[in-house]
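Student: Next up, target.csv (CSV, N, CA and C atoms).
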chain,number,residue,atom,x,y,z
I,1,MET,N,26.8,19.4,-8.8
I,1,MET,CA,26.4,18.2,-9.6
I,1,MET,C,25.3,17.5,-8.8
I,2,LYS,N,24.2,17.2,-9.5
I,2,LYS,CA,23.1,16.5,-8.9
I,2,LYS,C,23.4,15.0,-8.7
I,3,GLU,N,22.7,14.5,-7.7
I,3,GLU,CA,22.9,13.1,-7.3
I,3,GLU,C,22.2,12.2,-8.3
I,4,LYS,N,22.8,11.1,-8.7
I,4,LYS,CA,22.2,10.1,-9.6
I,4,LYS,C,21.2,9.2,-8.8
I,5,CYS,N,20.2,8.7,-9.6
I,5,CYS,CA,19.2,7.8,-9.0
I,5,CYS,C,19.9,6.5,-8.5
I,6,TYR,N,19.5,6.0,-7.4
I,6,TYR,CA,20.1,4.8,-6.8
I,6,TYR,C,19.6,3.6,-7.5
I,7,ILE,N,18.5,3.7,-8.2
I,7,ILE,CA,17.9,2.5,-8.9
I,7,ILE,C,18.3,2.4,-10.4
I,8,CYS,N,18.0,3.4,-11.2
I,8,CYS,CA,18.3,3.3,-12.6
I,8,CYS,C,19.7,3.9,-12.9
I,9,GLU,N,20.3,4.6,-12.0
I,9,GLU,CA,21.6,5.2,-12.1
I,9,GLU,C,21.8,6.1,-13.4
I,10,LYS,N,20.7,6.5,-14.0
I,10,LYS,CA,20.7,7.4,-15.2
I,10,LYS,C,20.1,8.7,-14.9
I,11,GLY,N,19.0,8.8,-14.1
I,11,GLY,CA,18.3,10.0,-13.8
I,11,GLY,C,19.0,10.8,-12.7
I,12,ASN,N,18.6,12.1,-12.6
I,12,ASN,CA,19.0,12.9,-11.5
I,12,ASN,C,17.9,13.0,-10.5
I,13,LEU,N,18.3,13.1,-9.2
I,13,LEU,CA,17.4,13.3,-8.2
I,13,LEU,C,17.0,14.7,-7.9
I,14,THR,N,15.7,15.0,-7.8
I,14,THR,CA,15.3,16.4,-7.5
I,14,THR,C,14.4,16.3,-6.3
I,15,LYS,N,14.6,17.4,-5.4
I,15,LYS,CA,13.8,17.4,-4.2
I,15,LYS,C,12.4,17.9,-4.5
I,16,LYS,N,11.4,17.2,-4.0
I,16,LYS,CA,10.0,17.6,-4.2
I,16,LYS,C,9.2,17.2,-3.0
I,17,ARG,N,8.0,17.7,-3.0
I,17,ARG,CA,7.0,17.3,-2.0
I,17,ARG,C,6.0,16.4,-2.7
I,18,VAL,N,5.9,15.2,-2.2
I,18,VAL,CA,5.0,14.2,-2.9
I,18,VAL,C,3.9,13.7,-2.0
I,19,ASP,N,2.8,13.4,-2.6
I,19,ASP,CA,1.7,12.7,-1.9
I,19,ASP,C,2.1,11.2,-1.6
I,20,TYR,N,1.8,10.7,-0.5
I,20,TYR,CA,2.0,9.3,-0.2
I,20,TYR,C,0.7,8.6,0.2
I,21,ASN,N,0.4,7.5,-0.5
I,21,ASN,CA,-0.8,6.8,-0.2
I,21,ASN,C,-0.4,5.4,0.3
I,22,LEU,N,-1.1,4.9,1.4
I,22,LEU,CA,-0.9,3.6,1.9
I,22,LEU,C,-2.3,2.9,1.9
I,23,TYR,N,-2.4,1.8,1.2
I,23,TYR,CA,-3.7,1.1,1.0
I,23,TYR,C,-4.8,2.0,0.5
I,24,GLY,N,-4.4,2.9,-0.4
I,24,GLY,CA,-5.4,3.7,-1.0
I,24,GLY,C,-5.8,4.9,-0.2
I,25,VAL,N,-5.2,5.1,1.0
I,25,VAL,CA,-5.5,6.3,1.8
I,25,VAL,C,-4.3,7.2,1.8
I,26,ASN,N,-4.6,8.5,1.5
I,26,ASN,CA,-3.5,9.5,1.5
I,26,ASN,C,-3.1,9.8,2.9
I,27,ILE,N,-1.8,9.7,3.2
I,27,ILE,CA,-1.4,10.1,4.6
I,27,ILE,C,-0.7,11.4,4.6
I,28,GLY,N,-0.5,12.1,3.5
I,28,GLY,CA,0.0,13.4,3.5
I,28,GLY,C,1.1,13.7,2.4
I,29,LYS,N,1.6,14.9,2.4
I,29,LYS,CA,2.6,15.3,1.4
I,29,LYS,C,3.9,15.3,2.2
I,30,PHE,N,5.0,14.7,1.6
I,30,PHE,CA,6.3,14.6,2.3
I,30,PHE,C,7.4,15.0,1.4
I,31,ASN,N,8.5,15.5,2.0
I,31,ASN,CA,9.7,15.8,1.2
I,31,ASN,C,10.4,14.5,0.8
I,32,ALA,N,10.8,14.5,-0.5
I,32,ALA,CA,11.4,13.3,-1.1
I,32,ALA,C,12.4,13.8,-2.2
I,33,GLU,N,13.2,12.8,-2.6
I,33,GLU,CA,14.0,13.0,-3.8
I,33,GLU,C,13.4,12.1,-4.9
I,34,VAL,N,13.1,12.7,-6.1
I,34,VAL,CA,12.5,11.9,-7.2
I,34,VAL,C,13.4,11.9,-8.4
I,35,CYS,N,13.5,10.7,-9.0
I,35,CYS,CA,14.3,10.5,-10.2
I,35,CYS,C,13.6,11.1,-11.4
I,36,ASP,N,14.3,11.9,-12.2
I,36,ASP,CA,13.6,12.5,-13.3
I,36,ASP,C,13.6,11.6,-14.5
I,37,LYS,N,14.1,10.3,-14.4
I,37,LYS,CA,14.1,9.4,-15.5
I,37,LYS,C,13.1,8.2,-15.2
I,38,CYS,N,13.3,7.5,-14.1
I,38,CYS,CA,12.4,6.4,-13.8
I,38,CYS,C,11.3,6.7,-12.8
I,39,GLY,N,11.3,7.9,-12.2
I,39,GLY,CA,10.2,8.3,-11.3
I,39,GLY,C,10.3,7.7,-9.9
I,40,GLU,N,11.3,6.9,-9.6
I,40,GLU,CA,11.5,6.4,-8.3
I,40,GLU,C,11.5,7.5,-7.2
I,41,ILE,N,10.9,7.2,-6.1
I,41,ILE,CA,10.8,8.2,-5.0
I,41,ILE,C,11.6,7.7,-3.8
I,42,PHE,N,12.4,8.6,-3.2
I,42,PHE,CA,13.2,8.2,-2.0
I,42,PHE,C,12.9,9.2,-0.9
I,43,PHE,N,12.6,8.6,0.3
I,43,PHE,CA,12.4,9.4,1.5
I,43,PHE,C,13.5,9.2,2.4
I,44,ASP,N,13.9,10.2,3.2
I,44,ASP,CA,15.0,10.0,4.2
I,44,ASP,C,14.4,9.3,5.4
I,45,GLU,N,15.3,8.9,6.3
I,45,GLU,CA,14.9,8.1,7.5
I,45,GLU,C,13.9,8.9,8.4
I,46,GLY,N,14.2,10.2,8.6
I,46,GLY,CA,13.3,11.0,9.5
I,46,GLY,C,11.9,11.0,8.9
I,47,THR,N,11.8,11.3,7.6
I,47,THR,CA,10.5,11.3,6.9
I,47,THR,C,9.8,10.0,7.0
I,48,SER,N,10.6,8.9,6.8
I,48,SER,CA,10.0,7.5,6.8
I,48,SER,C,9.4,7.3,8.2
I,49,LYS,N,10.1,7.7,9.3
I,49,LYS,CA,9.6,7.5,10.6
I,49,LYS,C,8.3,8.3,10.8
I,50,ASN,N,8.3,9.5,10.3
I,50,ASN,CA,7.1,10.4,10.4
I,50,ASN,C,5.9,9.7,9.7
I,51,MET,N,6.2,9.2,8.5
I,51,MET,CA,5.1,8.5,7.7
I,51,MET,C,4.6,7.3,8.5
I,52,THR,N,5.5,6.5,9.1
I,52,THR,CA,5.1,5.4,9.9
I,52,THR,C,4.2,5.8,11.0
I,53,GLU,N,4.5,6.8,11.8
I,53,GLU,CA,3.7,7.3,12.9
I,53,GLU,C,2.3,7.7,12.4
I,54,ILE,N,2.2,8.4,11.3
I,54,ILE,CA,0.9,8.8,10.8
I,54,ILE,C,0.1,7.6,10.4
I,55,ALA,N,0.7,6.6,9.7
I,55,ALA,CA,0.0,5.4,9.3
I,55,ALA,C,-0.5,4.7,10.5
I,56,LYS,N,0.3,4.6,11.6
I,56,LYS,CA,-0.2,4.0,12.8
I,56,LYS,C,-1.4,4.7,13.4
I,57,LYS,N,-1.3,6.0,13.4
I,57,LYS,CA,-2.5,6.8,14.0
I,57,LYS,C,-3.7,6.6,13.2
I,58,LYS,N,-3.6,6.4,11.9
I,58,LYS,CA,-4.7,6.2,11.0
I,58,LYS,C,-5.2,4.8,10.9
I,59,GLY,N,-4.6,3.9,11.7
I,59,GLY,CA,-5.0,2.5,11.7
I,59,GLY,C,-4.5,1.7,10.5
I,60,LEU,N,-3.6,2.2,9.7
I,60,LEU,CA,-3.1,1.6,8.5
I,60,LEU,C,-1.9,0.6,8.7
I,61,TRP,N,-1.2,0.8,9.8
I,61,TRP,CA,0.0,0.1,10.1
I,61,TRP,C,-0.3,-1.4,10.4
I,62,GLY,N,0.3,-2.3,9.7
I,62,GLY,CA,0.1,-3.7,9.9
I,62,GLY,C,-1.1,-4.4,9.3
I,63,LEU,N,-1.8,-3.7,8.4
I,63,LEU,CA,-3.0,-4.3,7.8
I,63,LEU,C,-2.6,-5.4,6.8
I,64,GLN,N,-1.5,-5.4,6.2
I,64,GLN,CA,-1.1,-6.4,5.3
I,64,GLN,C,-0.8,-7.7,6.0
I,65,THR,N,-1.3,-8.8,5.6
I,65,THR,CA,-1.0,-10.1,6.3
I,65,THR,C,-1.2,-11.2,5.3
I,66,LYS,N,-0.9,-12.4,5.7
I,66,LYS,CA,-1.1,-13.6,4.9
I,66,LYS,C,-2.2,-14.3,5.5
I,67,THR,N,-3.0,-15.0,4.6
I,67,THR,CA,-4.1,-15.8,5.0
I,67,THR,C,-4.1,-17.1,4.1
I,68,LYS,N,-4.9,-18.1,4.5
I,68,LYS,CA,-4.9,-19.3,3.7
I,68,LYS,C,-6.3,-19.4,3.1
I,69,ILE,N,-6.3,-20.1,1.9
I,69,ILE,CA,-7.6,-20.4,1.3
I,69,ILE,C,-8.1,-21.6,1.9
I,70,GLY,N,-9.4,-21.5,2.3
I,70,GLY,CA,-10.1,-22.7,2.9
I,70,GLY,C,-11.1,-23.3,2.0
I,71,GLN,N,-11.9,-24.2,2.5
I,71,GLN,CA,-12.9,-24.8,1.7
I,71,GLN,C,-14.2,-24.9,2.4
I,72,ALA,N,-15.3,-24.5,1.8
I,72,ALA,CA,-16.7,-24.6,2.3
I,72,ALA,C,-17.5,-25.4,1.3
I,73,GLY,N,-17.8,-26.7,1.6
I,73,GLY,CA,-18.5,-27.5,0.6
I,73,GLY,C,-17.6,-27.7,-0.6
I,74,THR,N,-18.2,-27.3,-1.8
I,74,THR,CA,-17.4,-27.5,-3.0
I,74,THR,C,-16.7,-26.2,-3.5
I,75,THR,N,-16.8,-25.1,-2.7
I,75,THR,CA,-16.2,-23.9,-3.1
I,75,THR,C,-15.0,-23.6,-2.2
I,76,LEU,N,-14.2,-22.7,-2.6
I,76,LEU,CA,-13.1,-22.2,-1.8
I,76,LEU,C,-13.4,-20.9,-1.2
I,77,ASP,N,-12.9,-20.6,0.0
I,77,ASP,CA,-13.1,-19.3,0.6
I,77,ASP,C,-11.8,-18.7,1.1
I,78,VAL,N,-11.8,-17.4,1.3
I,78,VAL,CA,-10.6,-16.6,1.7
I,78,VAL,C,-11.0,-16.0,3.1
I,79,ARG,N,-10.3,-16.3,4.1
I,79,ARG,CA,-10.5,-15.8,5.4
I,79,ARG,C,-9.9,-14.5,5.6
I,80,LEU,N,-10.7,-13.5,6.1
I,80,LEU,CA,-10.2,-12.2,6.3
I,80,LEU,C,-9.8,-11.9,7.8
I,81,PRO,N,-8.7,-11.4,8.0
I,81,PRO,CA,-8.2,-11.1,9.4
I,81,PRO,C,-9.1,-10.1,10.0
I,82,LYS,N,-9.3,-10.1,11.4
I,82,LYS,CA,-10.1,-9.2,12.1
I,82,LYS,C,-9.7,-7.7,11.9
I,83,ARG,N,-8.5,-7.4,11.8
I,83,ARG,CA,-8.0,-6.0,11.6
I,83,ARG,C,-8.6,-5.5,10.3
I,84,ILE,N,-8.5,-6.3,9.2
I,84,ILE,CA,-9.0,-5.8,7.9
I,84,ILE,C,-10.6,-5.7,8.0
I,85,ILE,N,-11.2,-6.6,8.6
I,85,ILE,CA,-12.7,-6.6,8.7
I,85,ILE,C,-13.1,-5.3,9.4
I,86,GLU,N,-12.4,-5.0,10.5
I,86,GLU,CA,-12.7,-3.8,11.3
I,86,GLU,C,-12.4,-2.5,10.5
I,87,PHE,N,-11.2,-2.5,9.8
I,87,PHE,CA,-10.8,-1.3,9.1
I,87,PHE,C,-11.8,-1.0,8.0
I,88,LEU,N,-12.3,-2.1,7.3
I,88,LEU,CA,-13.2,-1.9,6.2
I,88,LEU,C,-14.7,-1.9,6.6
I,89,ASN,N,-14.9,-2.1,7.9
I,89,ASN,CA,-16.3,-2.2,8.5
I,89,ASN,C,-17.2,-3.2,7.7
I,90,LEU,N,-16.6,-4.4,7.5
I,90,LEU,CA,-17.3,-5.4,6.8
I,90,LEU,C,-18.3,-6.2,7.7
I,91,LYS,N,-19.4,-6.6,7.2
I,91,LYS,CA,-20.4,-7.3,8.0
I,91,LYS,C,-20.8,-8.6,7.2
I,92,LYS,N,-21.2,-9.6,7.9
I,92,LYS,CA,-21.7,-10.9,7.2
I,92,LYS,C,-22.8,-10.5,6.3
I,93,GLY,N,-22.8,-11.0,5.1
I,93,GLY,CA,-23.9,-10.8,4.1
I,93,GLY,C,-23.6,-9.6,3.2
I,94,LYS,N,-22.6,-8.8,3.5
I,94,LYS,CA,-22.3,-7.7,2.6
I,94,LYS,C,-21.9,-8.2,1.3
I,95,GLU,N,-22.4,-7.6,0.2
I,95,GLU,CA,-22.0,-8.0,-1.1
I,95,GLU,C,-20.7,-7.3,-1.6
I,96,VAL,N,-19.8,-8.1,-2.2
I,96,VAL,CA,-18.6,-7.6,-2.7
I,96,VAL,C,-18.4,-8.1,-4.1
I,97,GLU,N,-17.6,-7.4,-4.9
I,97,GLU,CA,-17.3,-7.8,-6.2
I,97,GLU,C,-15.8,-8.4,-6.2
I,98,ILE,N,-15.6,-9.5,-6.9
I,98,ILE,CA,-14.3,-10.1,-7.0
I,98,ILE,C,-14.0,-10.3,-8.4
I,99,TYR,N,-12.7,-10.1,-8.7
I,99,TYR,CA,-12.2,-10.4,-10.1
I,99,TYR,C,-10.7,-10.6,-10.1
I,100,PRO,N,-10.2,-11.4,-11.0
I,100,PRO,CA,-8.8,-11.6,-11.1
I,100,PRO,C,-8.2,-10.4,-11.9
I,101,GLU,N,-6.9,-10.1,-11.5
I,101,GLU,CA,-6.2,-9.1,-12.2
I,101,GLU,C,-4.9,-9.8,-12.6
I,102,GLY,N,-4.8,-10.3,-13.8
I,102,GLY,CA,-3.7,-11.1,-14.2
I,102,GLY,C,-3.8,-12.5,-13.6
I,103,LYS,N,-2.7,-13.2,-13.5
I,103,LYS,CA,-2.7,-14.6,-13.0
I,103,LYS,C,-2.4,-14.7,-11.5
I,104,ASN,N,-1.9,-13.6,-10.9
I,104,ASN,CA,-1.4,-13.6,-9.6
I,104,ASN,C,-2.1,-12.7,-8.6
I,105,LYS,N,-3.2,-12.1,-9.0
I,105,LYS,CA,-3.8,-11.1,-8.1
I,105,LYS,C,-5.3,-11.3,-8.1
I,106,LEU,N,-5.9,-11.3,-6.9
I,106,LEU,CA,-7.4,-11.4,-6.8
I,106,LEU,C,-7.8,-10.1,-6.1
I,107,VAL,N,-8.7,-9.3,-6.8
I,107,VAL,CA,-9.2,-8.1,-6.2
I,107,VAL,C,-10.6,-8.3,-5.6
I,108,ILE,N,-10.8,-7.8,-4.4
I,108,ILE,CA,-12.1,-7.8,-3.8
I,108,ILE,C,-12.5,-6.3,-3.6
I,109,SER,N,-13.6,-5.9,-4.2
I,109,SER,CA,-14.0,-4.5,-4.1
I,109,SER,C,-15.3,-4.4,-3.4
I,110,ILE,N,-15.4,-3.5,-2.5
I,110,ILE,CA,-16.6,-3.3,-1.7
I,110,ILE,C,-17.5,-2.3,-2.4
Would you mind writing the file out in structure tokens?
Tutor:
Amino acid sequence: MKEKCYICEKGNLTKKRVDYNLYGVNIGKFNAEVCDKCGEIFFDEGTSKNMTEIAKKKGLWGLQTKTKIGQAGTTLDVRLPKRIIEFLNLKKGKEVEIYPEGKNKLVISI
């Protein structure tokens, strides 16, 4: 008997190799169990450790952070942490596109 999904509890889990992306960068294909109903993907502990090591080697580990909105004159600004600046190779004066995505997300596209 197949194992049931831990999330939806309706679907069956099937072993597959799946691509894993972190911050839009593919870090490889990994063994996982995938729910045939909700699509949830589960990795075992060993696979998760391997994925973490690959993410660290690619400079992706720890990029997510919190920052505060500041003010410059009458406009607001968002300060970018040094690690993100270096990862994206951003320079002063570089033009970016910004737009809201719903009420809770701001997208900055290079």
Student: Find the residues near range 63-67 of chain I: any atom within 7 Å, counting only N, CA and C atoms, skip ones fewer than 4 places away on the same chain, and give them as a list of chain:residue names.
Tutor: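 Near range 63-67 of chain I, the qualifying residues are I:Gly59, I:Val78, I:Arg79, I:Arg83, I:Ile84.
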Student: Write out as a short mmCIF file (atom, residue, chain, number, x, y, z; two decimals) with N, CA and C atoms, in the coordinates of the input each polymer residue whose atoms come within 6 Å of Phe43 in chain I, counting all atoms listed in the file; drop sequence neighbours fewer than 3 positions from it.
Tutor:
data_model
loop_
_atom_site.label_atom_id
_atom_site.label_comp_id
_atom_site.auth_asym_id
_atom_site.auth_seq_id
_atom_site.Cartn_x
_atom_site.Cartn_y
_atom_site.Cartn_z
N ASN I 31 8.50 15.50 2.00
CA ASN I 31 9.70 15.80 1.20
C ASN I 31 10.40 14.50 0.80
N ALA I 32 10.80 14.50 -0.50
CA ALA I 32 11.40 13.30 -1.10
C ALA I 32 12.40 13.80 -2.20
N GLU I 33 13.20 12.80 -2.60
CA GLU I 33 14.00 13.00 -3.80
C GLU I 33 13.40 12.10 -4.90
N THR I 47 11.80 11.30 7.60
CA THR I 47 10.50 11.30 6.90
C THR I 47 9.80 10.00 7.00
N SER I 48 10.60 8.90 6.80
CA SER I 48 10.00 7.50 6.80
C SER I 48 9.40 7.30 8.20
#
Student: Work out how far atom N of Phe30 in chain I is from atom N of Glu9 in chain I, in Å to one decimal.
Tutor: 22.8 Å
Student: So how many Å separate CA of Lys37 in chain I and atom N of Ala55 in chain I, to one decimal?
Tutor: 28.7 Å
Student: Give me, as a ChimeraX atom specification, the residues of range 9-77 of chain I that a backbone DSSP run labels alpha helix (DSSP H).
Tutor: /I:45-57
Student: Quote the spacing between CA of Ile110 in chain I and CA of Asn89 in chain I in Å to one decimal place.
Tutor: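 Atom-to-atom, CA of Ile110 in chain I to CA of Asn89 in chain I, that is 10.3 Å.
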Student: Write out as a ChimeraX atom specification the residues lying within 7 Å of Cys35 in chain I, counting all atoms listed in the file and excluding same-chain residues fewer than 6 positions away.
Tutor: /I:5,11-14,41-42
Student: Run DSSP on the backbone and give me the residues of chain I it puts in strand (DSSP E or B), as a ChimeraX atom specification.
Tutor: /I:4,12-22,25-35,41-42,69-72,75-78,97-100,106-109
Student: Those selected residues, please, written with N, CA and C atoms and delivered as a tab-separated table (two decimals), in the frame of the given file.
Tutor:
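Listing of selection-v6.tsv after writing:
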chain	number	residue	atom	x	y	z
I	4	LYS	N	22.80	11.10	-8.70
I	4	LYS	CA	22.20	10.10	-9.60
I	4	LYS	C	21.20	9.20	-8.80
I	12	ASN	N	18.60	12.10	-12.60
I	12	ASN	CA	19.00	12.90	-11.50
I	12	ASN	C	17.90	13.00	-10.50
I	13	LEU	N	18.30	13.10	-9.20
I	13	LEU	CA	17.40	13.30	-8.20
I	13	LEU	C	17.00	14.70	-7.90
I	14	THR	N	15.70	15.00	-7.80
I	14	THR	CA	15.30	16.40	-7.50
I	14	THR	C	14.40	16.30	-6.30
I	15	LYS	N	14.60	17.40	-5.40
I	15	LYS	CA	13.80	17.40	-4.20
I	15	LYS	C	12.40	17.90	-4.50
I	16	LYS	N	11.40	17.20	-4.00
I	16	LYS	CA	10.00	17.60	-4.20
I	16	LYS	C	9.20	17.20	-3.00
I	17	ARG	N	8.00	17.70	-3.00
I	17	ARG	CA	7.00	17.30	-2.00
I	17	ARG	C	6.00	16.40	-2.70
I	18	VAL	N	5.90	15.20	-2.20
I	18	VAL	CA	5.00	14.20	-2.90
I	18	VAL	C	3.90	13.70	-2.00
I	19	ASP	N	2.80	13.40	-2.60
I	19	ASP	CA	1.70	12.70	-1.90
I	19	ASP	C	2.10	11.20	-1.60
I	20	TYR	N	1.80	10.70	-0.50
I	20	TYR	CA	2.00	9.30	-0.20
I	20	TYR	C	0.70	8.60	0.20
I	21	ASN	N	0.40	7.50	-0.50
I	21	ASN	CA	-0.80	6.80	-0.20
I	21	ASN	C	-0.40	5.40	0.30
I	22	LEU	N	-1.10	4.90	1.40
I	22	LEU	CA	-0.90	3.60	1.90
I	22	LEU	C	-2.30	2.90	1.90
I	25	VAL	N	-5.20	5.10	1.00
I	25	VAL	CA	-5.50	6.30	1.80
I	25	VAL	C	-4.30	7.20	1.80
I	26	ASN	N	-4.60	8.50	1.50
I	26	ASN	CA	-3.50	9.50	1.50
I	26	ASN	C	-3.10	9.80	2.90
I	27	ILE	N	-1.80	9.70	3.20
I	27	ILE	CA	-1.40	10.10	4.60
I	27	ILE	C	-0.70	11.40	4.60
I	28	GLY	N	-0.50	12.10	3.50
I	28	GLY	CA	0.00	13.40	3.50
I	28	GLY	C	1.10	13.70	2.40
I	29	LYS	N	1.60	14.90	2.40
I	29	LYS	CA	2.60	15.30	1.40
I	29	LYS	C	3.90	15.30	2.20
I	30	PHE	N	5.00	14.70	1.60
I	30	PHE	CA	6.30	14.60	2.30
I	30	PHE	C	7.40	15.00	1.40
I	31	ASN	N	8.50	15.50	2.00
I	31	ASN	CA	9.70	15.80	1.20
I	31	ASN	C	10.40	14.50	0.80
I	32	ALA	N	10.80	14.50	-0.50
I	32	ALA	CA	11.40	13.30	-1.10
I	32	ALA	C	12.40	13.80	-2.20
I	33	GLU	N	13.20	12.80	-2.60
I	33	GLU	CA	14.00	13.00	-3.80
I	33	GLU	C	13.40	12.10	-4.90
I	34	VAL	N	13.10	12.70	-6.10
I	34	VAL	CA	12.50	11.90	-7.20
I	34	VAL	C	13.40	11.90	-8.40
I	35	CYS	N	13.50	10.70	-9.00
I	35	CYS	CA	14.30	10.50	-10.20
I	35	CYS	C	13.60	11.10	-11.40
I	41	ILE	N	10.90	7.20	-6.10
I	41	ILE	CA	10.80	8.20	-5.00
I	41	ILE	C	11.60	7.70	-3.80
I	42	PHE	N	12.40	8.60	-3.20
I	42	PHE	CA	13.20	8.20	-2.00
I	42	PHE	C	12.90	9.20	-0.90
I	69	ILE	N	-6.30	-20.10	1.90
I	69	ILE	CA	-7.60	-20.40	1.30
I	69	ILE	C	-8.10	-21.60	1.90
I	70	GLY	N	-9.40	-21.50	2.30
I	70	GLY	CA	-10.10	-22.70	2.90
I	70	GLY	C	-11.10	-23.30	2.00
I	71	GLN	N	-11.90	-24.20	2.50
I	71	GLN	CA	-12.90	-24.80	1.70
I	71	GLN	C	-14.20	-24.90	2.40
I	72	ALA	N	-15.30	-24.50	1.80
I	72	ALA	CA	-16.70	-24.60	2.30
I	72	ALA	C	-17.50	-25.40	1.30
I	75	THR	N	-16.80	-25.10	-2.70
I	75	THR	CA	-16.20	-23.90	-3.10
I	75	THR	C	-15.00	-23.60	-2.20
I	76	LEU	N	-14.20	-22.70	-2.60
I	76	LEU	CA	-13.10	-22.20	-1.80
I	76	LEU	C	-13.40	-20.90	-1.20
I	77	ASP	N	-12.90	-20.60	0.00
I	77	ASP	CA	-13.10	-19.30	0.60
I	77	ASP	C	-11.80	-18.70	1.10
I	78	VAL	N	-11.80	-17.40	1.30
I	78	VAL	CA	-10.60	-16.60	1.70
I	78	VAL	C	-11.00	-16.00	3.10
I	97	GLU	N	-17.60	-7.40	-4.90
I	97	GLU	CA	-17.30	-7.80	-6.20
I	97	GLU	C	-15.80	-8.40	-6.20
I	98	ILE	N	-15.60	-9.50	-6.90
I	98	ILE	CA	-14.30	-10.10	-7.00
I	98	ILE	C	-14.00	-10.30	-8.40
I	99	TYR	N	-12.70	-10.10	-8.70
I	99	TYR	CA	-12.20	-10.40	-10.10
I	99	TYR	C	-10.70	-10.60	-10.10
I	100	PRO	N	-10.20	-11.40	-11.00
I	100	PRO	CA	-8.80	-11.60	-11.10
I	100	PRO	C	-8.20	-10.40	-11.90
I	106	LEU	N	-5.90	-11.30	-6.90
I	106	LEU	CA	-7.40	-11.40	-6.80
I	106	LEU	C	-7.80	-10.10	-6.10
I	107	VAL	N	-8.70	-9.30	-6.80
I	107	VAL	CA	-9.20	-8.10	-6.20
I	107	VAL	C	-10.60	-8.30	-5.60
I	108	ILE	N	-10.80	-7.80	-4.40
I	108	ILE	CA	-12.10	-7.80	-3.80
I	108	ILE	C	-12.50	-6.30	-3.60
I	109	SER	N	-13.60	-5.90	-4.20
I	109	SER	CA	-14.00	-4.50	-4.10
I	109	SER	C	-15.30	-4.40	-3.40
Student: May I ask which of the residues I:Ile54, I:Leu60, I:Val107, I:Val34 is the closest one to Lys15 in chain I, counting only N, CA and C atoms?
Tutor: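 The closest residue to Lys15 in chain I is I:Val34.
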